[in-house]
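Q: Next comes the structure file my_file.tsv, holding TSV, C-alpha atoms.
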```tsv
chain	number	residue	atom	x	y	z
A	22	MET	CA	180.19	6.56	36.24
A	23	TRP	CA	179.39	3.32	34.46
A	24	LEU	CA	175.63	3.92	34.64
A	25	LEU	CA	175.74	7.50	33.36
A	26	ARG	CA	175.61	8.73	29.79
A	27	ASN	CA	175.50	12.50	29.31
A	28	ASN	CA	174.61	12.82	33.00
A	29	VAL	CA	171.45	10.72	32.49
A	30	VAL	CA	171.00	7.29	33.97
A	31	ASP	CA	170.65	4.55	31.37
A	32	GLU	CA	167.35	3.19	32.67
A	33	ASN	CA	167.42	-0.12	30.81
A	34	LYS	CA	170.89	-0.88	32.17
A	35	ARG	CA	169.83	0.28	35.63
A	36	TYR	CA	166.85	-2.06	35.81
A	37	LYS	CA	168.82	-4.92	34.27
A	38	ILE	CA	171.47	-4.63	36.99
A	39	ALA	CA	168.81	-4.38	39.70
A	40	SER	CA	166.96	-7.46	38.41
A	41	ARG	CA	170.17	-9.48	38.17
A	42	ILE	CA	171.22	-8.88	41.79
A	43	THR	CA	167.65	-9.50	42.96
A	44	TRP	CA	167.43	-12.87	41.20
A	45	ILE	CA	170.76	-13.88	42.78
A	46	THR	CA	169.35	-13.14	46.24
A	47	ILE	CA	166.11	-15.00	45.43
A	48	ILE	CA	168.02	-18.20	44.58
A	49	LEU	CA	170.22	-17.91	47.68
A	50	ASN	CA	167.22	-17.24	49.91
A	51	LEU	CA	165.27	-20.15	48.48
A	52	VAL	CA	168.05	-22.58	49.41
A	53	LEU	CA	168.54	-20.90	52.78
A	54	ALA	CA	164.84	-20.82	53.68
A	55	ILE	CA	164.28	-24.49	52.88
A	56	GLY	CA	167.35	-25.45	54.89
A	57	LYS	CA	166.42	-23.37	57.94
A	58	ILE	CA	162.79	-24.52	58.02
A	59	ILE	CA	163.79	-28.20	57.78
A	60	ILE	CA	166.48	-27.78	60.43
A	61	GLY	CA	164.10	-25.78	62.61
A	62	PHE	CA	161.67	-28.74	62.66
A	63	ILE	CA	164.21	-31.52	63.16
A	64	SER	CA	166.25	-29.59	65.76
A	65	ASN	CA	163.21	-28.46	67.80
A	66	SER	CA	164.26	-24.79	67.47
A	67	SER	CA	161.46	-22.24	67.24
A	68	ALA	CA	164.05	-19.49	66.74
A	69	ILE	CA	165.55	-21.18	63.64
A	70	LEU	CA	162.07	-21.96	62.34
A	71	ALA	CA	161.02	-18.31	62.77
A	72	ASP	CA	164.24	-17.27	61.07
A	73	GLY	CA	163.43	-19.58	58.14
A	74	ILE	CA	159.96	-18.05	57.78
A	75	HIS	CA	161.59	-14.62	57.80
A	76	THR	CA	163.78	-15.75	54.89
A	77	VAL	CA	160.67	-16.87	52.99
A	78	SER	CA	159.40	-13.29	53.30
A	79	ASP	CA	162.71	-12.18	51.73
A	80	ILE	CA	161.89	-14.28	48.67
A	81	GLY	CA	158.40	-12.79	48.36
A	82	SER	CA	159.69	-9.25	48.73
A	83	SER	CA	162.45	-9.79	46.17
A	84	VAL	CA	159.98	-11.18	43.62
A	85	GLY	CA	157.82	-8.10	44.24
A	86	ILE	CA	160.81	-5.85	43.61
A	87	VAL	CA	161.60	-7.60	40.31
A	88	ILE	CA	157.99	-6.98	39.23
A	89	GLY	CA	158.23	-3.37	40.42
A	90	PHE	CA	161.40	-2.78	38.39
A	91	PHE	CA	159.81	-4.37	35.31
A	92	ILE	CA	156.87	-1.96	35.53
A	93	ALA	CA	158.98	1.07	36.49
A	94	LYS	CA	161.19	0.84	33.38
A	95	LYS	CA	158.23	1.22	31.03
A	96	PRO	CA	158.10	4.57	29.22
A	97	GLU	CA	155.27	7.09	29.50
A	98	ASP	CA	151.96	6.17	27.91
A	99	GLU	CA	148.51	7.76	27.50
A	100	GLU	CA	147.32	6.65	30.93
A	101	HIS	CA	150.60	7.28	32.78
A	102	GLN	CA	151.99	10.45	31.22
A	103	TYR	CA	154.54	10.97	33.99
A	104	GLY	CA	156.00	7.47	33.61
A	105	HIS	CA	155.92	4.38	35.83
A	106	GLU	CA	158.80	5.06	38.24
A	107	LYS	CA	156.50	5.02	41.25
A	108	ALA	CA	156.07	1.26	40.77
A	109	GLU	CA	159.48	1.01	42.44
A	110	THR	CA	158.18	2.97	45.45
A	111	ILE	CA	155.04	0.82	45.58
A	112	ALA	CA	157.21	-2.31	45.65
A	113	ALA	CA	159.18	-0.92	48.61
A	114	PHE	CA	155.91	0.09	50.33
A	115	LEU	CA	154.42	-3.40	49.93
A	116	LEU	CA	157.68	-4.86	51.21
A	117	SER	CA	157.28	-2.83	54.40
A	118	LEU	CA	153.77	-4.22	54.95
A	119	MET	CA	155.09	-7.75	54.44
A	120	LEU	CA	157.87	-7.15	56.96
A	121	ILE	CA	155.41	-5.88	59.57
A	122	ALA	CA	153.03	-8.81	59.04
A	123	VAL	CA	155.83	-11.39	59.21
A	124	GLY	CA	157.28	-9.77	62.34
A	125	VAL	CA	153.94	-9.74	64.15
A	126	LYS	CA	153.25	-13.38	63.25
A	127	MET	CA	156.69	-14.46	64.46
A	128	GLY	CA	156.22	-12.55	67.73
A	129	ILE	CA	152.85	-14.15	68.45
A	130	SER	CA	154.22	-17.64	67.80
A	131	SER	CA	157.18	-17.05	70.13
A	132	LEU	CA	154.95	-15.65	72.89
A	133	LYS	CA	152.68	-18.69	72.68
A	134	LEU	CA	155.64	-21.02	73.13
A	135	MET	CA	156.88	-19.04	76.13
A	136	LEU	CA	153.45	-18.92	77.80
A	137	CYS	CA	152.66	-22.59	77.17
A	138	GLN	CA	156.11	-23.58	78.49
A	139	THR	CA	156.37	-26.45	76.00
A	140	VAL	CA	159.85	-25.47	74.91
A	141	LYS	CA	162.20	-28.21	73.71
A	142	VAL	CA	165.98	-27.94	73.75
A	143	PRO	CA	167.29	-27.53	70.17
A	144	THR	CA	169.94	-29.88	68.81
A	145	VAL	CA	173.46	-28.77	67.83
A	146	ILE	CA	172.62	-28.61	64.10
A	147	ALA	CA	170.55	-25.49	64.83
A	148	ILE	CA	173.76	-23.66	65.79
A	149	TRP	CA	175.34	-24.43	62.42
A	150	ALA	CA	172.20	-23.34	60.58
A	151	ALA	CA	172.16	-19.98	62.35
A	152	ALA	CA	175.89	-19.39	61.84
A	153	ILE	CA	175.76	-20.13	58.10
A	154	SER	CA	172.67	-17.93	57.75
A	155	ILE	CA	174.44	-14.97	59.42
A	156	VAL	CA	177.31	-15.11	56.93
A	157	ILE	CA	175.12	-15.49	53.83
A	158	LYS	CA	172.61	-12.78	54.84
A	159	GLU	CA	175.33	-10.28	55.68
A	160	LEU	CA	176.94	-10.89	52.26
A	161	GLN	CA	173.53	-10.37	50.62
A	162	PHE	CA	173.04	-7.13	52.54
A	163	ARG	CA	176.38	-5.75	51.37
A	164	MET	CA	175.87	-6.80	47.72
A	165	VAL	CA	172.33	-5.41	47.44
A	166	MET	CA	173.11	-2.21	49.38
A	167	ASN	CA	176.11	-1.53	47.13
A	168	VAL	CA	174.01	-1.88	43.96
A	169	GLY	CA	171.08	0.02	45.49
A	170	LYS	CA	173.27	3.04	46.24
A	171	LYS	CA	174.95	2.95	42.83
A	172	ILE	CA	171.66	3.05	40.94
A	173	ASP	CA	169.87	5.14	43.60
A	174	SER	CA	167.07	2.61	44.16
A	175	LYS	CA	165.01	2.95	47.35
A	176	ALA	CA	163.42	-0.44	46.70
A	177	LEU	CA	166.80	-2.20	46.54
A	178	ILE	CA	168.05	-0.36	49.62
A	179	ALA	CA	164.89	-1.44	51.47
A	180	ASP	CA	165.47	-5.01	50.31
A	181	ALA	CA	169.09	-4.80	51.50
A	182	TRP	CA	167.91	-3.85	54.98
A	183	HIS	CA	165.49	-6.75	54.80
A	184	HIS	CA	168.54	-9.00	54.37
A	185	ARG	CA	170.31	-7.23	57.25
A	186	SER	CA	167.25	-7.77	59.47
A	187	ASP	CA	167.43	-11.47	58.57
A	188	ALA	CA	171.11	-11.51	59.55
A	189	LEU	CA	170.23	-9.89	62.88
A	190	SER	CA	167.44	-12.39	63.40
A	191	SER	CA	169.92	-15.21	62.75
A	192	ILE	CA	172.24	-13.74	65.39
A	193	ALA	CA	169.35	-13.66	67.86
A	194	ALA	CA	168.44	-17.22	66.90
A	195	LEU	CA	172.05	-18.35	67.40
A	196	LEU	CA	172.19	-16.81	70.88
A	197	GLY	CA	168.80	-18.36	71.72
A	198	VAL	CA	169.86	-21.83	70.62
A	199	ILE	CA	173.15	-21.64	72.50
A	200	GLY	CA	171.34	-20.39	75.62
A	201	ALA	CA	168.75	-23.17	75.38
A	202	ARG	CA	171.45	-25.82	75.09
A	203	MET	CA	173.18	-24.34	78.15
A	204	GLY	CA	170.10	-25.02	80.28
A	205	TYR	CA	167.86	-22.03	79.57
A	206	PRO	CA	165.25	-23.37	77.11
A	207	LEU	CA	163.13	-20.20	77.23
A	208	LEU	CA	165.94	-18.30	75.52
A	209	ASP	CA	165.08	-19.96	72.20
A	210	PRO	CA	161.51	-18.57	71.88
A	211	LEU	CA	162.73	-15.34	73.51
A	212	ALA	CA	165.22	-15.01	70.66
A	213	GLY	CA	162.33	-15.52	68.25
A	214	LEU	CA	160.49	-12.65	69.96
A	215	VAL	CA	163.55	-10.39	69.65
A	216	VAL	CA	163.75	-11.26	65.95
A	217	SER	CA	160.10	-10.28	65.47
A	218	ILE	CA	160.66	-6.88	67.10
A	219	ILE	CA	163.62	-6.22	64.81
A	220	VAL	CA	161.58	-7.15	61.75
A	221	VAL	CA	158.60	-4.97	62.75
A	222	LYS	CA	160.88	-1.99	63.46
A	223	VAL	CA	162.50	-2.20	60.01
A	224	GLY	CA	159.07	-2.64	58.42
A	225	VAL	CA	157.63	0.45	60.12
A	226	GLU	CA	160.60	2.58	59.05
A	227	PHE	CA	160.17	1.60	55.40
A	228	PHE	CA	156.40	2.00	55.64
A	229	ILE	CA	156.87	5.64	56.66
A	230	HIS	CA	159.45	6.20	53.93
A	231	GLY	CA	157.26	4.59	51.23
A	232	TYR	CA	154.18	6.50	52.40
A	233	ASN	CA	156.05	9.80	52.13
A	234	GLU	CA	157.23	9.07	48.59
A	235	LEU	CA	153.74	8.09	47.48
A	236	MET	CA	152.55	11.42	48.91
A	237	ASP	CA	155.09	13.27	46.69
A	238	VAL	CA	157.52	14.10	49.49
A	239	SER	CA	160.02	16.85	48.73
A	240	ILE	CA	163.76	16.37	48.41
A	241	GLU	CA	166.01	17.58	51.24
A	242	GLU	CA	165.98	21.32	51.97
A	243	SER	CA	169.76	21.44	51.71
A	244	LYS	CA	169.51	20.39	48.06
A	245	LEU	CA	166.92	23.09	47.31
A	246	TYR	CA	169.21	25.68	48.89
A	247	GLU	CA	172.10	24.41	46.77
A	248	ILE	CA	170.05	24.57	43.56
A	249	SER	CA	168.91	28.11	44.37
A	250	ARG	CA	172.45	29.22	45.16
A	251	ASN	CA	173.77	27.81	41.88
A	252	LEU	CA	170.96	29.39	39.87
A	253	MET	CA	171.59	32.84	41.34
A	254	LYS	CA	175.31	32.54	40.58
A	255	ASN	CA	175.28	30.91	37.15
A	256	THR	CA	172.21	32.22	35.30
A	257	ASP	CA	170.78	35.62	34.31
A	258	ILE	CA	167.73	35.42	36.55
A	259	ARG	CA	167.15	38.27	39.04
A	260	ASN	CA	165.29	36.32	41.65
A	261	ILE	CA	163.68	32.98	42.45
A	262	ASN	CA	160.02	33.40	43.39
A	263	ASP	CA	159.36	29.76	44.20
A	264	ILE	CA	161.03	26.36	43.92
A	265	LYS	CA	159.49	22.96	44.64
A	266	ALA	CA	160.64	19.40	44.08
A	267	ARG	CA	158.97	16.02	44.52
A	268	LYS	CA	160.25	12.49	44.39
A	269	HIS	CA	158.83	10.17	41.75
A	270	GLY	CA	160.30	6.75	42.45
A	271	SER	CA	164.02	7.07	41.71
A	272	LYS	CA	163.41	10.33	39.80
A	273	VAL	CA	162.77	13.94	40.82
A	274	TYR	CA	160.46	16.58	39.34
A	275	VAL	CA	161.32	20.24	39.92
A	276	ASP	CA	158.98	23.23	39.50
A	277	ILE	CA	160.52	26.69	39.66
A	278	LYS	CA	159.37	30.29	39.21
A	279	VAL	CA	162.01	32.86	38.36
A	280	CYS	CA	161.89	36.55	37.49
A	281	VAL	CA	163.96	38.25	34.79
A	282	ASP	CA	164.46	41.66	33.24
A	283	PRO	CA	160.99	42.68	31.99
A	284	ASN	CA	162.42	44.41	28.91
A	285	ILE	CA	164.03	41.38	27.26
A	286	THR	CA	162.51	39.53	24.31
A	287	VAL	CA	160.47	36.34	24.60
A	288	TYR	CA	163.33	34.53	22.89
A	289	MET	CA	165.82	35.72	25.54
A	290	GLY	CA	163.40	34.73	28.32
A	291	HIS	CA	163.10	31.28	26.79
A	292	SER	CA	166.89	31.02	26.56
A	293	ILE	CA	167.23	31.92	30.25
A	294	ALA	CA	164.61	29.27	31.13
A	295	GLU	CA	166.63	26.64	29.25
A	296	LYS	CA	169.76	27.62	31.16
A	297	VAL	CA	167.81	27.35	34.42
A	298	GLU	CA	166.73	23.82	33.46
A	299	GLU	CA	170.31	22.85	32.57
A	300	GLU	CA	171.63	24.26	35.87
A	301	VAL	CA	169.01	22.37	37.92
A	302	LYS	CA	169.93	19.10	36.20
A	303	ARG	CA	173.61	19.83	36.79
A	304	SER	CA	173.01	20.54	40.47
A	305	LEU	CA	170.78	17.55	41.18
A	306	LYS	CA	171.05	14.01	39.84
A	307	ASN	CA	168.12	11.92	38.58
A	308	VAL	CA	166.01	14.92	37.59
A	309	LYS	CA	163.37	13.72	35.14
A	310	ASP	CA	161.81	17.07	34.29
A	311	VAL	CA	162.09	20.76	35.22
A	312	MET	CA	159.13	23.11	34.78
A	313	VAL	CA	160.32	26.74	34.60
A	314	HIS	CA	157.88	29.66	34.84
A	315	VAL	CA	159.36	33.03	33.88
A	316	ASN	CA	157.99	36.19	35.54
A	317	PRO	CA	158.89	39.82	34.71
A	318	CYS	CA	160.86	41.44	37.52
A	319	SER	CA	158.89	44.36	38.99
A	320	ASN	CA	161.88	46.46	40.03
A	321	HIS	CA	165.56	46.67	39.18
A	322	GLU	CA	166.45	47.22	42.82
A	323	GLU	CA	164.95	44.07	44.25
A	324	MET	CA	166.28	44.55	47.77
A	325	ASN	CA	164.34	47.79	48.08
A	326	CYS	CA	161.18	46.41	46.58
A	327	LEU	CA	158.74	45.01	49.14
A	328	THR	CA	156.70	43.28	46.43
A	329	CYS	CA	159.75	41.39	45.20
A	330	LYS	CA	160.77	40.48	48.74
A	331	ASN	CA	157.37	38.98	49.36
A	332	LYS	CA	157.72	36.88	46.22
A	333	THR	CA	161.17	35.52	47.05
A	334	SER	CA	161.60	31.84	47.81
A	335	LYS	CA	162.90	31.05	51.30
A	336	TYR	CA	165.65	29.04	49.63
A	337	VAL	CA	167.26	32.19	48.23
A	338	ASN	CA	169.87	33.58	50.60
A	339	LYS	CA	170.03	37.38	50.84
A	340	GLU	CA	173.71	37.44	49.95
A	341	ASN	CA	172.91	35.66	46.66
A	342	LYS	CA	170.33	38.19	45.51
A	343	ARG	CA	171.53	40.85	43.11
```
Would you write out, as structure tokens, the structure that this file holds?
A:
Amino acid sequence: MWLLRNNVVDENKRYKIASRITWITIILNLVLAIGKIIIGFISNSSAILADGIHTVSDIGSSVGIVIGFFIAKKPEDEEHQYGHEKAETIAAFLLSLMLIAVGVKMGISSLKLMLCQTVKVPTVIAIWAAAISIVIKELQFRMVMNVGKKIDSKALIADAWHHRSDALSSIAALLGVIGARMGYPLLDPLAGLVVSIIVVKVGVEFFIHGYNELMDVSIEESKLYEISRNLMKNTDIRNINDIKARKHGSKVYVDIKVCVDPNITVYMGHSIAEKVEEEVKRSLKNVKDVMVHVNPCSNHEEMNCLTCKNKTSKYVNKENKR
């Protein structure tokens, strides 16, 4: 893959690519936001105006992501000995808060217009504004999502869904404007309310995801099972006592306890630990570090040893144990 070198992501290239696509979306959103806000005022469309404000939030979130990437690419230092990758998670987390705040504000504004019944019929230019916005935001979603998946960036993927939520809000705005011009003026602020619900929903989902990563959430169980299975097949360990993994931004830390023949030399134990580390990195991408603790195996017949059974990780299948 063009971002891999010896199975390790080239971080400088990764962040450079992420920053480039983010700056492209910032420029596009700046033009789009100014256009939608101006048209929202002159066309008397609260839905287009709300959609324009939503696009402004896209700009703020994208700037935050650029800053997050800039911090995340810094190497370890005395104060941050595990690196700065979590800055990327923090950027995605702050983006979720911004989405929720913007969505709530848009919803309140739309409700006020509906309750006050001071709705004006939007002009035809609002239809064109919404239609153009749908096309541009959907293109942004696809571009950013594609890059986000290639470089495995949760922040970029979150930003991509922010663009998709803006596209959905433009669709709602378009339907509201068309409905208002057909004689149902309340459909315009109603569309603004629908947009706000979409934005809040996306924001809550990314809030939960960001919160979990900041709390050192584990990787998927299926991946831990796969790592354990590969270790039992491809290394000289006798059992896996424990295996844990935690996400650290775009990276993963793995801690593993294995047991080996108690009669081997320290050098052989160290060699087995190195093979375990290599196998973990082969089985799982974006591993930053693997901590291997080697224990002496208490019995050669592990299946008949209750002590060994009690010290076996749940991710080790019985058929894989020797």
Q: Which is closest to Ala93 (chain A) among A:Leu235, A:Leu120, A:Ala112, A:Ile261, if we use all atoms listed in the file?
A: A:Ala112
Q: Give the answer as one residue: which of A:Ser186, A:Asn307, A:Thr43, A:Ser64 has the shortest atom-to-atom distance to Lys222 (chain A), using all atoms listed in the file?
A: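 Under the stated criterion, the closest residue is A:Ser186.
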Q: Take every atom of region 52-68 of chain A listed in the file, fit an axis-aligned box around them, add 6 Å per side, and give the centre and edge lengths in Å to one decimal as AutoDock Vina command-line options.
A:
```
--center_x 165.0 --center_y -25.5 --center_z 58.6 --size_x 19.1 --size_y 24.0 --size_z 30.4
```
Q: Return as a tab-separated table the residues of region 181-282 of chain A lying at most 7 Å from region 289-302 of chain A, together with the closest atom-to-atom pair for each and the distance in Å to one decimal, counting all atoms listed in the file, with rows in chain order and ascending residue number.
A:
```
residue	atom	partner	partner_atom	distance
A:Ile248	CA	A:Val301	CA	6.1
A:Leu252	CA	A:Glu300	CA	6.5
A:Thr256	CA	A:Val297	CA	6.6
A:Asp257	CA	A:Ile293	CA	6.5
```
Q: Go through A:Met312, A:Ile38, A:Ala266, A:Ile86 one by one, measure the shortest atom-to-atom distance of each to Glu234 (chain A) using all atoms listed in the file, and give the residue with the smallest value.
A: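 Closest to Glu234 (chain A) of all the choices is A:Ala266.
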Q: So, with only C-alpha atoms as the atoms that count, which of A:Ala176, A:Ile121, A:Met135, A:Ala194 lies closest to Gly73 (chain A)?
A: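 Smallest separation from Gly73 (chain A) among the options: A:Ala194.
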Q: At a cut-off of 12 Å from (166.0, -10.5, 35.0) in the coordinates of the file, what residues are picked up using only C-alpha atoms, written as JSON, numbers by chain?
A: {"A": [33, 34, 35, 36, 37, 38, 39, 40, 41, 42, 43, 44, 45, 47, 83, 84, 86, 87, 88, 89, 90, 91]}
Q: For those residues, write C-alpha atoms to a file as a compact mmCIF listing (two decimals), in the coordinates of the input.
A:
```
# COMPACT_ATOMS: atom_id res chain seq x y z
CA ASN A 33 167.42 -0.12 30.81
CA LYS A 34 170.89 -0.88 32.17
CA ARG A 35 169.83 0.28 35.63
CA TYR A 36 166.85 -2.06 35.81
CA LYS A 37 168.82 -4.92 34.27
CA ILE A 38 171.47 -4.63 36.99
CA ALA A 39 168.81 -4.38 39.70
CA SER A 40 166.96 -7.46 38.41
CA ARG A 41 170.17 -9.48 38.17
CA ILE A 42 171.22 -8.88 41.79
CA THR A 43 167.65 -9.50 42.96
CA TRP A 44 167.43 -12.87 41.20
CA ILE A 45 170.76 -13.88 42.78
CA ILE A 47 166.11 -15.00 45.43
CA SER A 83 162.45 -9.79 46.17
CA VAL A 84 159.98 -11.18 43.62
CA ILE A 86 160.81 -5.85 43.61
CA VAL A 87 161.60 -7.60 40.31
CA ILE A 88 157.99 -6.98 39.23
CA GLY A 89 158.23 -3.37 40.42
CA PHE A 90 161.40 -2.78 38.39
CA PHE A 91 159.81 -4.37 35.31
```
Q: Record the distance separating CA of Glu109 (chain A) and CA of Gly270 (chain A), expressed in Å with one decimal.
A: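 Distance reported for this atom pair: 5.8 Å.
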Q: Between CA of Glu247 (chain A) and CA of Asn316 (chain A), what is the spacing in Å?
A: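 It comes out at 21.5 Å.
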Q: In Å, with one decimal, what is the gap from CA of Gly61 (chain A) to CA of Ile74 (chain A)?
A: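 Between CA of Gly61 (chain A) and CA of Ile74 (chain A) the gap works out to 10.0 Å.
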Q: Using all atoms listed in the file, find the one residue out of A:Ser190, A:Asn284, A:Ser304, A:Thr46 that sits nearest to Leu160 (chain A).
A: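 For Leu160 (chain A), the nearest of the given residues is A:Thr46.
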Q: Looking at A:Ile146, A:Ile157, A:Leu134, A:Ile277, which one is nearest to Ile48 (chain A), with distances taken over all atoms listed in the file?
A: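 The answer is A:Ile157, which sits nearest to Ile48 (chain A).
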Q: What are the nearest atom pairs, with distances in Å to one decimal, for all residues of region 68-91 of chain A that come at most 12 Å from region 206-214 of chain A, using all atoms listed in the file, set out by chain and rising residue number as a tab-separated table?
A:
```
residue	atom	partner	partner_atom	distance
A:Ala68	CA	A:Gly213	CA	4.6
A:Ile69	CA	A:Gly213	CA	8.0
A:Leu70	CA	A:Gly213	CA	8.7
A:Ala71	CA	A:Gly213	CA	6.3
A:Asp72	CA	A:Gly213	CA	7.6
A:Gly73	CA	A:Gly213	CA	11.0
A:Ile74	CA	A:Gly213	CA	11.0
A:His75	CA	A:Gly213	CA	10.5
```
